[in-house]
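Here's the structure, in C-alpha cells; my notes come after.
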Amino acid sequence: MLRDLGLTGLLLQLPDVSALSHYADDVLGPLRANDLAQDPALLPTLSALIHNNLNASKTAEQLHVQEDVVAEARRRIEDLLALNLSRVSDLTRVSMALEVDDVIEARQRQGIIDV
C-alpha cells in the first residue's frame with residue numbers, strides 16, 4: 001500500500017533523482033567538504049544524532065565516543081550548515097537530505113543510477 005512506503009519508499013519510486021541529488025548536495029555540501037578536508041566523522045555523527053532523536057547520550061553510546069564529543073560535533077555541524085537542529089524546519093531539511101542520500105545510495109547499489 002502507498003501509505004506503508006514512507007518517505008524513502010516514495011523517493012525510490014521517482015524515475016529521475018538528479019533534483020534530489022542537487023537538494024542533498026545543497027544541504028549537506030558544506031559538511032561533506034569538511035569531512036573530506038578535516039573530520040570524516042561529522043556526517044555519520046549527524047546521521048546518528050537524527051536517528052537517535054538528537055539524544056547526545058544515545059548517539060555517543062552508538063558511536064562509542066564521549067557525550068561531549070557528540071555535543072562538540074553537533075555545534076560544528078550546525079555552524080558548517082548554518083542551521084539549528086533544534087528548529088523543526090532545519091531538522092526536517094537535514095533529515096530529508098539524509099533520506100535522499102540513502103535513496104541515491106540504494107539505487108547506486110542496485111545499479112539503477114550512476115550519480
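Scheme for the C-alpha cells: letters A, B, ... for chains in order shown; per-chain residue numbers from 1; ligand numbers from 1 in order shown.
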For region 33-49 of chain A: contacts at 7 Å, only C-alpha atoms, fewer than 5 positions along chain excluded, given as a list in words: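 Final neighbour list, sorted by chain and number: Leu54, Asn55, Ala56, Thr59, Ala73 and Ile77 of chain A.
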Set the distance at 9 Å and use only C-alpha atoms: which residues neighbour Leu28 (chain A) once local chain neighbours fewer than 6 positions away are removed? I'd like the list as a tab-separated table (two decimals) with N, CA and C atoms, in the first residue's frame.
chain	number	residue	atom	x	y	z
A	43	LEU	N	29.52	13.73	9.28
A	43	LEU	CA	28.32	13.25	8.59
A	43	LEU	C	27.72	12.01	9.28
A	81	LEU	N	26.69	24.05	8.57
A	81	LEU	CA	25.48	24.05	7.76
A	81	LEU	C	24.62	25.29	7.98
A	94	VAL	N	17.50	18.80	7.01
A	94	VAL	CA	18.67	17.92	7.09
A	94	VAL	C	18.25	16.46	7.05
A	97	ALA	N	17.47	15.54	3.54
A	97	ALA	CA	18.69	15.40	2.74
A	97	ALA	C	19.37	14.06	3.01
A	98	LEU	N	19.38	13.63	4.27
A	98	LEU	CA	19.98	12.34	4.60
A	98	LEU	C	19.15	11.19	4.01
Every residue of chain A that DSSP places in helix (DSSP H, G or I), as a PyMOL selection string: chain A and resi 2-4+6-12+18-37+42-51+56-63+67-81+88-109
Coordinates-based distance that separates CA of Tyr23 (chain A) from CA of Val88 (chain A) (Å, one decimal): 17.9 Å
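The residue set within 12 Å of Asp102 (chain A), counting only C-alpha atoms and dropping same-chain residues fewer than 2 places from it, reads Leu7, Thr8, Gly9, Leu11, Leu12, Val17, Leu20, Ser21, Ala24, Ser47, Ser95, Met96, Ala97, Leu98, Glu99, Val100, Ile104, Glu105, Ala106, Arg107, Gln108 and Arg109 of chain A.
Closest approach to Gly29 (chain A) among A:Gln110, A:Asn53, A:Ala82, A:Thr92 is made by A:Ala82 (distances from only C-alpha atoms).
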